[in-house]
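Peer 1: start_34.txt is reproduced in full below (compact mmCIF, N, CA and C atoms).
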# COMPACT_ATOMS: atom_id res chain seq x y z
N MET G 25 -6.76 -34.08 23.08
CA MET G 25 -5.49 -34.28 23.72
C MET G 25 -4.34 -33.81 22.81
N VAL G 26 -4.45 -34.07 21.52
CA VAL G 26 -3.43 -33.63 20.59
C VAL G 26 -3.31 -32.10 20.61
N CYS G 27 -4.45 -31.46 20.69
CA CYS G 27 -4.46 -30.00 20.72
C CYS G 27 -3.74 -29.48 21.96
N GLU G 28 -4.00 -30.09 23.10
CA GLU G 28 -3.37 -29.65 24.34
C GLU G 28 -1.87 -29.93 24.38
N VAL G 29 -1.46 -31.05 23.83
CA VAL G 29 -0.06 -31.47 23.93
C VAL G 29 0.81 -30.82 22.85
N ILE G 30 0.32 -30.73 21.64
CA ILE G 30 1.16 -30.25 20.53
C ILE G 30 0.84 -28.81 20.14
N THR G 31 -0.40 -28.56 19.85
CA THR G 31 -0.78 -27.27 19.27
C THR G 31 -0.71 -26.14 20.28
N GLU G 32 -1.19 -26.34 21.46
CA GLU G 32 -1.22 -25.26 22.46
C GLU G 32 0.16 -24.72 22.81
N PRO G 33 1.16 -25.55 23.09
CA PRO G 33 2.50 -25.00 23.38
C PRO G 33 3.09 -24.24 22.19
N LEU G 34 2.87 -24.74 20.98
CA LEU G 34 3.36 -24.04 19.79
C LEU G 34 2.69 -22.68 19.64
N TRP G 35 1.39 -22.65 19.85
CA TRP G 35 0.65 -21.39 19.73
C TRP G 35 1.09 -20.39 20.81
N ALA G 36 1.30 -20.87 22.02
CA ALA G 36 1.75 -20.00 23.10
C ALA G 36 3.13 -19.43 22.79
N LYS G 37 4.03 -20.25 22.29
CA LYS G 37 5.38 -19.78 21.92
C LYS G 37 5.29 -18.75 20.80
N ARG G 38 4.46 -19.01 19.81
CA ARG G 38 4.28 -18.09 18.69
C ARG G 38 3.78 -16.74 19.18
N ASN G 39 2.83 -16.74 20.09
CA ASN G 39 2.30 -15.49 20.63
C ASN G 39 3.35 -14.71 21.42
N ARG G 40 4.15 -15.42 22.20
CA ARG G 40 5.21 -14.74 22.96
C ARG G 40 6.20 -14.08 22.01
N VAL G 41 6.61 -14.77 20.98
CA VAL G 41 7.57 -14.23 20.03
C VAL G 41 6.97 -13.05 19.27
N ALA G 42 5.76 -13.20 18.79
CA ALA G 42 5.13 -12.14 17.99
C ALA G 42 4.89 -10.88 18.81
N HIS G 43 4.39 -11.01 20.00
CA HIS G 43 4.07 -9.85 20.82
C HIS G 43 5.31 -9.21 21.43
N ALA G 44 6.33 -9.98 21.68
CA ALA G 44 7.58 -9.41 22.21
C ALA G 44 8.22 -8.50 21.16
N LYS G 45 8.16 -8.91 19.90
CA LYS G 45 8.71 -8.08 18.82
C LYS G 45 7.95 -6.77 18.72
N GLU G 46 6.63 -6.82 18.79
CA GLU G 46 5.82 -5.60 18.73
C GLU G 46 6.14 -4.68 19.91
N ALA G 47 6.32 -5.26 21.06
CA ALA G 47 6.62 -4.46 22.25
C ALA G 47 7.98 -3.77 22.12
N ARG G 48 8.96 -4.49 21.59
CA ARG G 48 10.30 -3.90 21.40
C ARG G 48 10.24 -2.78 20.36
N ASN G 49 9.49 -3.00 19.28
CA ASN G 49 9.37 -1.97 18.25
C ASN G 49 8.67 -0.73 18.79
N ALA G 50 7.63 -0.93 19.57
CA ALA G 50 6.91 0.21 20.15
C ALA G 50 7.79 0.97 21.12
N GLU G 51 8.58 0.27 21.92
CA GLU G 51 9.48 0.92 22.87
C GLU G 51 10.57 1.70 22.13
N LEU G 52 11.10 1.13 21.07
CA LEU G 52 12.10 1.83 20.27
C LEU G 52 11.51 3.09 19.63
N GLU G 53 10.30 2.97 19.10
CA GLU G 53 9.64 4.14 18.51
C GLU G 53 9.35 5.20 19.57
N ARG G 54 8.91 4.78 20.73
CA ARG G 54 8.63 5.71 21.84
C ARG G 54 9.91 6.47 22.23
N THR G 55 11.04 5.77 22.28
CA THR G 55 12.31 6.39 22.63
C THR G 55 12.75 7.39 21.57
N GLU G 56 12.65 6.99 20.30
CA GLU G 56 13.06 7.88 19.21
C GLU G 56 12.18 9.13 19.13
N LEU G 57 10.89 8.96 19.31
CA LEU G 57 10.00 10.12 19.30
C LEU G 57 10.29 11.05 20.46
N GLY G 58 10.60 10.48 21.61
CA GLY G 58 10.96 11.29 22.77
C GLY G 58 12.20 12.12 22.51
N LYS G 59 13.18 11.52 21.85
CA LYS G 59 14.40 12.25 21.51
C LYS G 59 14.10 13.40 20.55
N ARG G 60 13.22 13.14 19.58
CA ARG G 60 12.88 14.20 18.62
C ARG G 60 12.15 15.35 19.30
N ILE G 61 11.25 15.03 20.21
CA ILE G 61 10.52 16.08 20.94
C ILE G 61 11.49 16.90 21.79
N LYS G 62 12.40 16.23 22.47
CA LYS G 62 13.40 16.94 23.29
C LYS G 62 14.25 17.85 22.41
N TRP G 63 14.61 17.38 21.21
CA TRP G 63 15.40 18.20 20.30
C TRP G 63 14.62 19.45 19.90
N TYR G 64 13.34 19.28 19.60
CA TYR G 64 12.51 20.44 19.25
C TYR G 64 12.42 21.43 20.43
N ILE G 65 12.29 20.91 21.63
CA ILE G 65 12.20 21.79 22.80
C ILE G 65 13.51 22.57 22.97
N GLU G 66 14.63 21.90 22.79
CA GLU G 66 15.93 22.55 22.97
C GLU G 66 16.25 23.53 21.84
N ASN G 67 15.72 23.32 20.65
CA ASN G 67 16.07 24.13 19.48
C ASN G 67 14.88 24.89 18.90
N LYS G 68 13.86 25.11 19.69
CA LYS G 68 12.63 25.72 19.18
C LYS G 68 12.85 27.10 18.58
N GLU G 69 13.78 27.87 19.14
CA GLU G 69 14.02 29.22 18.62
C GLU G 69 14.61 29.19 17.21
N TRP G 70 15.31 28.09 16.88
CA TRP G 70 15.98 28.00 15.59
C TRP G 70 15.15 27.32 14.52
N VAL G 71 14.28 26.39 14.92
CA VAL G 71 13.58 25.59 13.90
C VAL G 71 12.09 25.87 13.79
N LEU G 72 11.52 26.55 14.76
CA LEU G 72 10.09 26.83 14.73
C LEU G 72 9.85 28.33 14.62
N SER G 73 8.78 28.68 13.95
CA SER G 73 8.43 30.10 13.89
C SER G 73 8.00 30.56 15.29
N ARG G 74 8.00 31.85 15.47
CA ARG G 74 7.66 32.41 16.78
C ARG G 74 6.27 31.96 17.22
N HIS G 75 5.36 31.86 16.27
CA HIS G 75 3.98 31.48 16.60
C HIS G 75 3.85 29.98 16.93
N ASP G 76 4.77 29.16 16.40
CA ASP G 76 4.71 27.72 16.65
C ASP G 76 5.52 27.29 17.87
N GLN G 77 6.28 28.18 18.45
CA GLN G 77 7.12 27.81 19.59
C GLN G 77 6.30 27.41 20.81
N ILE G 78 5.06 27.81 20.85
CA ILE G 78 4.19 27.42 21.96
C ILE G 78 4.01 25.89 22.00
N LEU G 79 4.14 25.23 20.82
CA LEU G 79 4.02 23.78 20.76
C LEU G 79 5.16 23.08 21.50
N ALA G 80 6.29 23.75 21.62
CA ALA G 80 7.46 23.16 22.27
C ALA G 80 7.68 23.69 23.68
N ASN G 81 6.67 24.31 24.25
CA ASN G 81 6.77 24.80 25.62
C ASN G 81 6.19 23.75 26.57
N THR G 82 7.04 22.90 27.05
CA THR G 82 6.62 21.89 28.02
C THR G 82 7.83 21.46 28.84
N ASP G 83 7.55 20.82 29.93
CA ASP G 83 8.60 20.31 30.78
C ASP G 83 9.13 19.01 30.17
N VAL G 84 10.43 18.89 30.06
CA VAL G 84 11.05 17.72 29.44
C VAL G 84 10.74 16.45 30.21
N THR G 85 10.52 16.55 31.51
CA THR G 85 10.25 15.36 32.31
C THR G 85 8.90 14.73 31.98
N ARG G 86 8.00 15.48 31.37
CA ARG G 86 6.68 14.93 31.01
C ARG G 86 6.75 14.02 29.79
N ILE G 87 7.79 14.14 29.00
CA ILE G 87 7.88 13.40 27.75
C ILE G 87 7.91 11.89 27.98
N ASP G 88 8.64 11.44 28.97
CA ASP G 88 8.76 10.01 29.22
C ASP G 88 7.45 9.36 29.63
N SER G 89 6.54 10.13 30.20
CA SER G 89 5.27 9.54 30.64
C SER G 89 4.18 9.61 29.58
N MET G 90 4.47 10.21 28.43
CA MET G 90 3.47 10.31 27.36
C MET G 90 3.28 8.97 26.66
N SER G 91 2.08 8.76 26.16
CA SER G 91 1.82 7.54 25.41
C SER G 91 2.42 7.65 24.01
N LEU G 92 2.53 6.53 23.34
CA LEU G 92 3.08 6.50 22.00
C LEU G 92 2.22 7.32 21.03
N ILE G 93 0.93 7.23 21.17
CA ILE G 93 0.01 7.97 20.29
C ILE G 93 0.19 9.48 20.49
N THR G 94 0.33 9.92 21.72
CA THR G 94 0.53 11.33 22.00
C THR G 94 1.85 11.82 21.41
N LYS G 95 2.90 11.03 21.56
CA LYS G 95 4.20 11.41 21.01
C LYS G 95 4.14 11.51 19.49
N ARG G 96 3.48 10.55 18.86
CA ARG G 96 3.35 10.59 17.40
C ARG G 96 2.64 11.86 16.94
N ALA G 97 1.56 12.19 17.60
CA ALA G 97 0.79 13.38 17.23
C ALA G 97 1.61 14.65 17.46
N TRP G 98 2.31 14.71 18.56
CA TRP G 98 3.09 15.90 18.87
C TRP G 98 4.22 16.10 17.85
N VAL G 99 4.92 15.02 17.50
CA VAL G 99 5.98 15.11 16.50
C VAL G 99 5.41 15.50 15.15
N GLN G 100 4.26 14.98 14.82
CA GLN G 100 3.62 15.34 13.55
C GLN G 100 3.34 16.84 13.50
N HIS G 101 2.85 17.40 14.58
CA HIS G 101 2.58 18.83 14.63
C HIS G 101 3.88 19.64 14.56
N LEU G 102 4.89 19.20 15.25
CA LEU G 102 6.16 19.91 15.25
C LEU G 102 6.86 19.86 13.89
N ASP G 103 6.74 18.70 13.24
CA ASP G 103 7.34 18.57 11.91
C ASP G 103 6.66 19.50 10.94
Let's see the structure in the file written out as structure tokens.

Peer 2:
Amino acid sequence: MVCEVITEPLWAKRNRVAHAKEARNAELERTELGKRIKWYIENKEWVLSRHDQILANTDVTRIDSMSLITKRAWVQHLD
């Protein structure tokens, strides 16, 4: 009974706080990476070699639907 009354609500609150922070950080990172990819697409002629410009040939509308892992990998390649 002690576990149900005291410990469980505290643990549930802790999980909500911890996971909400991770979700906000991931969303912020996803937004920042999206901005960097869009910048590369808009400035590919100036910052990428002619052979690497193929990496920045994509539709800008696809960026928002990419996963965080995909965005990280793409920015890593562009950098």

Peer 1: Name the residues of chain G that fall into helix (DSSP H, G or I) according to DSSP on the backbone, using the chain letters and numbers of this document, as number ranges by chain.

Peer 2: G: 26-66, 68-71, 77-80, 84-89, 92-102

Peer 1: Find the residue from G:Ala42, G:Ile30, G:Ile93, G:Leu79 that sits nearest to G:Arg54; use all atoms listed in the file when measuring.

Peer 2: G:Ile93

Peer 1: For G:Val99, work out the shell of residues within 8 Å, counting only N, CA and C atoms and skipping chain neighbours fewer than 3 positions away, then give it as a PyMOL selection string.

Peer 2: chain G and resi 57+60-61+93-96+102-103

Peer 1: Kindly export the residues of the current selection with N, CA and C atoms, as an mmCIF file, in the coordinates of the input.

Peer 2:
data_model
loop_
_atom_site.group_PDB
_atom_site.id
_atom_site.type_symbol
_atom_site.label_atom_id
_atom_site.label_comp_id
_atom_site.auth_asym_id
_atom_site.auth_seq_id
_atom_site.Cartn_x
_atom_site.Cartn_y
_atom_site.Cartn_z
ATOM 1 N N LEU G 57 10.890 8.960 19.310
ATOM 2 C CA LEU G 57 10.000 10.120 19.300
ATOM 3 C C LEU G 57 10.290 11.050 20.460
ATOM 4 N N ARG G 60 13.220 13.140 19.580
ATOM 5 C CA ARG G 60 12.880 14.200 18.620
ATOM 6 C C ARG G 60 12.150 15.350 19.300
ATOM 7 N N ILE G 61 11.250 15.030 20.210
ATOM 8 C CA ILE G 61 10.520 16.080 20.940
ATOM 9 C C ILE G 61 11.490 16.900 21.790
ATOM 10 N N ILE G 93 0.930 7.230 21.170
ATOM 11 C CA ILE G 93 0.010 7.970 20.290
ATOM 12 C C ILE G 93 0.190 9.480 20.490
ATOM 13 N N THR G 94 0.330 9.920 21.720
ATOM 14 C CA THR G 94 0.530 11.330 22.000
ATOM 15 C C THR G 94 1.850 11.820 21.410
ATOM 16 N N LYS G 95 2.900 11.030 21.560
ATOM 17 C CA LYS G 95 4.200 11.410 21.010
ATOM 18 C C LYS G 95 4.140 11.510 19.490
ATOM 19 N N ARG G 96 3.480 10.550 18.860
ATOM 20 C CA ARG G 96 3.350 10.590 17.400
ATOM 21 C C ARG G 96 2.640 11.860 16.940
ATOM 22 N N LEU G 102 4.890 19.200 15.250
ATOM 23 C CA LEU G 102 6.160 19.910 15.250
ATOM 24 C C LEU G 102 6.860 19.860 13.890
ATOM 25 N N ASP G 103 6.740 18.700 13.240
ATOM 26 C CA ASP G 103 7.340 18.570 11.910
ATOM 27 C C ASP G 103 6.660 19.500 10.940
#

Peer 1: Could you tell me how far atom C of G:Glu28 sits from atom N of G:Arg40, in Å to one decimal place?

Peer 2: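 Computed distance, atom N of G:Arg40 to atom C of G:Glu28, equals 15.9 Å.
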
Peer 1: Any idea what the distance is between atom CA of G:Glu51 and atom CA of G:Leu92?

Peer 2: 8.5 Å

Peer 1: To one decimal in Å, tell me the separation between atom N of G:Lys59 and atom N of G:Glu46.

Peer 2: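 A separation of 19.7 Å between them.
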
Peer 1: So, counting all atoms listed in the file, which residue among G:Arg38, G:Ala47, G:Ile65, G:Pro33 is closest to G:Thr82?

Peer 2: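 Checking each candidate against G:Thr82, we get G:Ile65 as the closest.
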
Peer 1: When you count all atoms listed in the file, which of these residues is closest to G:Gly58: G:Asp83, G:Asp88, G:Asn39, G:Gln77?

Peer 2: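 The closest residue to G:Gly58 is G:Asp88.
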